[in-house]
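Everything on this sheet refers to the single structure shown next.
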Amino acid sequence: MFDGKTYDPERDEERLKTQLFSVWGLMSDGKWRTLEEISHAVYCPEASVSARLRDFRKKKFGGHTVERAYVSRGLFKYRLIPNR
């Protein structure tokens, strides 16, 4: 499911799957949230949340729409629009 130069299935797969399902569970409601808000809600680092949001855009993870909107001073908010 996951890949990349530093990806080790034994070490990483369960953690990444848990993150993916946690972020999906929160974001599938279509509400706008910052990475910080998502991170606090799902107990994952912001960098991991950002990576999971990028995963949702990939065809192998459903090719969903993840919108990004500028808030201020380098802060963005995100919204997941699941394919139905």
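We name chains A, B, ... following the order of the structure tokens; residues begin at 1 in each chain, and ligands are numbered from 1 as shown.
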- [ ] Would you list the contacts of segment 7-20 of chain A as a PyMOL selection string, taking every protein, DNA or RNA residue within 9 Å and counting only C-alpha atoms, but skipping same-chain residues closer than 3 positions in sequence?
- [x] chain A and resi 1-4+23-25+42-44+48-49+52-53+55-56
Residue selection dump (all heavy atoms) as a CSV table (one decimal), in the first residue's frame:
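out_5.csv written:
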```
chain,number,residue,atom,x,y,z
A,1,MET,N,0.8,-1.2,0.0
A,1,MET,CA,0.0,0.0,0.0
A,1,MET,C,0.9,1.3,0.0
A,1,MET,O,0.7,2.1,-0.8
A,1,MET,CB,-0.9,0.0,1.2
A,1,MET,CG,-1.8,1.2,1.3
A,1,MET,SD,-2.9,1.3,2.8
A,1,MET,CE,-4.2,0.3,2.2
A,2,PHE,N,1.8,1.4,1.0
A,2,PHE,CA,2.7,2.5,1.0
A,2,PHE,C,4.0,2.2,0.3
A,2,PHE,O,4.3,1.1,0.1
A,2,PHE,CB,2.9,2.9,2.5
A,2,PHE,CG,1.7,3.3,3.2
A,2,PHE,CD1,1.0,2.4,4.0
A,2,PHE,CD2,1.2,4.6,3.2
A,2,PHE,CE1,-0.2,2.7,4.7
A,2,PHE,CE2,0.0,4.9,3.8
A,2,PHE,CZ,-0.7,4.0,4.6
A,3,ASP,N,4.8,3.3,0.0
A,3,ASP,CA,6.0,3.0,-0.6
A,3,ASP,C,7.0,4.2,-0.3
A,3,ASP,O,6.6,5.1,0.4
A,3,ASP,CB,5.9,2.8,-2.1
A,3,ASP,CG,5.1,4.0,-2.8
A,3,ASP,OD1,5.1,5.1,-2.2
A,3,ASP,OD2,4.7,3.8,-3.9
A,4,GLY,N,8.1,4.2,-0.9
A,4,GLY,CA,9.1,5.2,-0.7
A,4,GLY,C,10.5,4.7,-0.3
A,4,GLY,O,10.6,3.6,0.2
A,23,VAL,N,-7.1,10.1,10.1
A,23,VAL,CA,-7.3,11.3,9.3
A,23,VAL,C,-8.5,11.2,8.5
A,23,VAL,O,-9.3,12.2,8.4
A,23,VAL,CB,-6.0,11.7,8.5
A,23,VAL,CG1,-6.3,12.9,7.6
A,23,VAL,CG2,-4.8,11.9,9.4
A,24,TRP,N,-8.8,10.1,7.8
A,24,TRP,CA,-10.0,9.9,7.0
A,24,TRP,C,-11.2,10.0,7.9
A,24,TRP,O,-12.2,10.7,7.5
A,24,TRP,CB,-10.0,8.5,6.3
A,24,TRP,CG,-11.2,8.3,5.6
A,24,TRP,CD1,-12.4,7.7,6.0
A,24,TRP,CD2,-11.5,8.7,4.2
A,24,TRP,NE1,-13.3,7.6,5.0
A,24,TRP,CE2,-12.8,8.3,3.9
A,24,TRP,CE3,-10.7,9.3,3.3
A,24,TRP,CZ2,-13.4,8.5,2.7
A,24,TRP,CZ3,-11.3,9.6,2.0
A,24,TRP,CH2,-12.6,9.2,1.8
A,25,GLY,N,-11.2,9.4,9.0
A,25,GLY,CA,-12.4,9.5,9.9
A,25,GLY,C,-12.8,10.9,10.3
A,25,GLY,O,-13.9,11.2,10.4
A,42,VAL,N,-6.3,13.8,15.9
A,42,VAL,CA,-6.0,12.4,15.6
A,42,VAL,C,-4.7,12.0,16.3
A,42,VAL,O,-4.3,10.8,16.1
A,42,VAL,CB,-6.0,12.2,14.1
A,42,VAL,CG1,-7.3,12.5,13.5
A,42,VAL,CG2,-4.8,12.9,13.4
A,43,TYR,N,-4.1,12.8,17.1
A,43,TYR,CA,-2.9,12.5,17.8
A,43,TYR,C,-1.7,12.0,16.9
A,43,TYR,O,-1.1,11.0,17.1
A,43,TYR,CB,-3.2,11.4,18.9
A,43,TYR,CG,-4.2,11.8,19.8
A,43,TYR,CD1,-5.5,11.3,19.7
A,43,TYR,CD2,-4.0,12.7,20.8
A,43,TYR,CE1,-6.6,11.6,20.5
A,43,TYR,CE2,-5.0,13.1,21.7
A,43,TYR,CZ,-6.3,12.6,21.5
A,43,TYR,OH,-7.3,12.9,22.4
A,44,CYS,N,-1.5,12.8,15.8
A,44,CYS,CA,-0.4,12.5,14.9
A,44,CYS,C,0.3,13.8,14.6
A,44,CYS,O,-0.2,14.8,14.7
A,44,CYS,CB,-1.0,12.0,13.5
A,44,CYS,SG,-1.9,10.5,13.5
A,48,SER,N,3.0,14.2,9.5
A,48,SER,CA,2.3,12.9,9.1
A,48,SER,C,0.9,13.2,8.6
A,48,SER,O,0.5,12.6,7.6
A,48,SER,CB,2.2,12.0,10.3
A,48,SER,OG,3.5,11.6,10.8
A,49,VAL,N,0.2,14.1,9.2
A,49,VAL,CA,-1.1,14.5,8.7
A,49,VAL,C,-1.0,15.1,7.3
A,49,VAL,O,-1.8,14.7,6.4
A,49,VAL,CB,-1.8,15.6,9.6
A,49,VAL,CG1,-3.0,16.2,9.0
A,49,VAL,CG2,-2.1,15.0,11.0
A,52,ARG,N,-0.5,12.2,4.9
A,52,ARG,CA,-1.7,11.4,4.7
A,52,ARG,C,-2.7,12.1,3.8
A,52,ARG,O,-3.4,11.5,3.0
A,52,ARG,CB,-2.4,11.1,6.0
A,52,ARG,CG,-1.6,10.3,7.1
A,52,ARG,CD,-1.1,8.9,6.6
A,52,ARG,NE,-0.1,8.9,5.6
A,52,ARG,CZ,1.2,9.0,5.8
A,52,ARG,NH1,1.7,9.2,7.0
A,52,ARG,NH2,2.1,8.9,4.8
A,53,LEU,N,-2.8,13.5,3.9
A,53,LEU,CA,-3.7,14.2,3.0
A,53,LEU,C,-3.2,14.1,1.6
A,53,LEU,O,-4.0,14.0,0.7
A,53,LEU,CB,-3.7,15.7,3.5
A,53,LEU,CG,-4.5,16.0,4.8
A,53,LEU,CD1,-4.3,17.5,5.1
A,53,LEU,CD2,-5.9,15.6,4.7
A,55,ASP,N,-1.6,11.5,0.5
A,55,ASP,CA,-1.9,10.2,0.1
A,55,ASP,C,-3.4,10.1,-0.5
A,55,ASP,O,-3.6,9.4,-1.5
A,55,ASP,CB,-1.8,9.2,1.2
A,55,ASP,CG,-0.4,8.8,1.6
A,55,ASP,OD1,0.5,9.1,0.8
A,55,ASP,OD2,-0.2,8.4,2.8
A,56,PHE,N,-4.3,10.8,0.1
A,56,PHE,CA,-5.7,10.7,-0.3
A,56,PHE,C,-5.8,11.2,-1.8
A,56,PHE,O,-6.8,10.8,-2.5
A,56,PHE,CB,-6.6,11.6,0.6
A,56,PHE,CG,-6.8,11.0,1.9
A,56,PHE,CD1,-6.7,11.9,3.0
A,56,PHE,CD2,-6.9,9.7,2.2
A,56,PHE,CE1,-6.9,11.4,4.3
A,56,PHE,CE2,-7.1,9.2,3.5
A,56,PHE,CZ,-7.0,10.0,4.5
```
TODO: Would you list the contacts of segment 74-79 of chain A as a list in words, taking every protein, DNA or RNA residue within 6 Å and counting only C-alpha atoms, but skipping same-chain residues closer than 5 positions in sequence?
DONE: Gly30, Lys31, Trp32, Arg33, Thr34, Val66, Glu67, Arg68 and Ala69 of chain A
Expected file contents, prior selection, N, CA and C atoms, as a CSV table (one decimal), in the first residue's frame:
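Written file, selection29.csv:
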```csv
chain,number,residue,atom,x,y,z
A,30,GLY,N,-15.9,16.7,5.4
A,30,GLY,CA,-15.8,17.9,4.5
A,30,GLY,C,-15.6,19.2,5.1
A,31,LYS,N,-15.3,19.2,6.4
A,31,LYS,CA,-15.0,20.5,7.1
A,31,LYS,C,-13.6,21.0,6.9
A,32,TRP,N,-13.4,22.3,6.9
A,32,TRP,CA,-12.1,22.9,6.8
A,32,TRP,C,-11.4,22.8,8.1
A,33,ARG,N,-10.1,22.4,8.1
A,33,ARG,CA,-9.2,22.3,9.3
A,33,ARG,C,-7.8,22.6,8.9
A,34,THR,N,-7.1,23.2,9.9
A,34,THR,CA,-5.6,23.4,9.7
A,34,THR,C,-4.9,22.1,10.1
A,66,VAL,N,-8.5,17.0,-2.2
A,66,VAL,CA,-8.1,17.6,-1.0
A,66,VAL,C,-7.8,19.1,-1.4
A,67,GLU,N,-8.7,19.9,-0.9
A,67,GLU,CA,-8.6,21.4,-1.2
A,67,GLU,C,-7.7,22.0,-0.1
A,68,ARG,N,-7.1,23.1,-0.5
A,68,ARG,CA,-6.2,23.9,0.4
A,68,ARG,C,-6.6,25.3,0.2
A,69,ALA,N,-6.7,26.0,1.3
A,69,ALA,CA,-7.0,27.5,1.3
A,69,ALA,C,-6.1,28.2,2.2
```
Open item on the list: What parts of chain A does DSSP call strand (DSSP E)? I'd like the answer as number ranges by chain.
Closed with: A: 33-34, 65-72, 75-81
TODO: Just the residues within 12 Å of Arg57 of chain A, please, counting only C-alpha atoms, with nothing from its chain fewer than 3 positions along; format it as a list in words.
DONE: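 That gives Ser50, Ala51, Arg52, Leu53, Arg54, Lys60, Phe61, Gly62, Gly63, His64, Thr65, Val66, Glu67, Arg79, Leu80, Ile81, Pro82 and Asn83 of chain A.
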Can you write just those residues out, C-alpha atoms, as a PDB file, in the first residue's frame?
```
ATOM      1  CA  SER A  50       0.160  16.453   5.684  1.00  0.00           C
ATOM      2  CA  ALA A  51       1.540  13.236   4.168  1.00  0.00           C
ATOM      3  CA  ARG A  52      -1.747  11.398   4.717  1.00  0.00           C
ATOM      4  CA  LEU A  53      -3.672  14.234   3.039  1.00  0.00           C
ATOM      5  CA  ARG A  54      -1.319  13.912   0.052  1.00  0.00           C
ATOM      6  CA  LYS A  60      -4.197   4.057  -5.158  1.00  0.00           C
ATOM      7  CA  PHE A  61      -5.788   5.754  -2.129  1.00  0.00           C
ATOM      8  CA  GLY A  62      -8.941   6.757  -3.999  1.00  0.00           C
ATOM      9  CA  GLY A  63      -7.889   9.867  -5.911  1.00  0.00           C
ATOM     10  CA  HIS A  64      -9.952  12.065  -3.601  1.00  0.00           C
ATOM     11  CA  THR A  65      -9.999  15.847  -3.733  1.00  0.00           C
ATOM     12  CA  VAL A  66      -8.081  17.624  -0.983  1.00  0.00           C
ATOM     13  CA  GLU A  67      -8.589  21.364  -1.156  1.00  0.00           C
ATOM     14  CA  ARG A  79     -10.797  20.032   3.275  1.00  0.00           C
ATOM     15  CA  LEU A  80     -11.269  16.471   2.034  1.00  0.00           C
ATOM     16  CA  ILE A  81     -13.969  15.848  -0.530  1.00  0.00           C
ATOM     17  CA  PRO A  82     -14.335  12.062  -0.758  1.00  0.00           C
ATOM     18  CA  ASN A  83     -15.186  10.449  -4.076  1.00  0.00           C
TER      19      ASN A  83
END
```
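The two atoms in question, atom CA of Ser22 of chain A and atom CA of Lys58 of chain A, are spaced 17.4 Å apart.
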TODO: Output as a ChimeraX atom specification all residues of chain A that backbone DSSP marks as helix (DSSP H, G or I).
DONE: /A:9-27,35-42,46-57,59-61
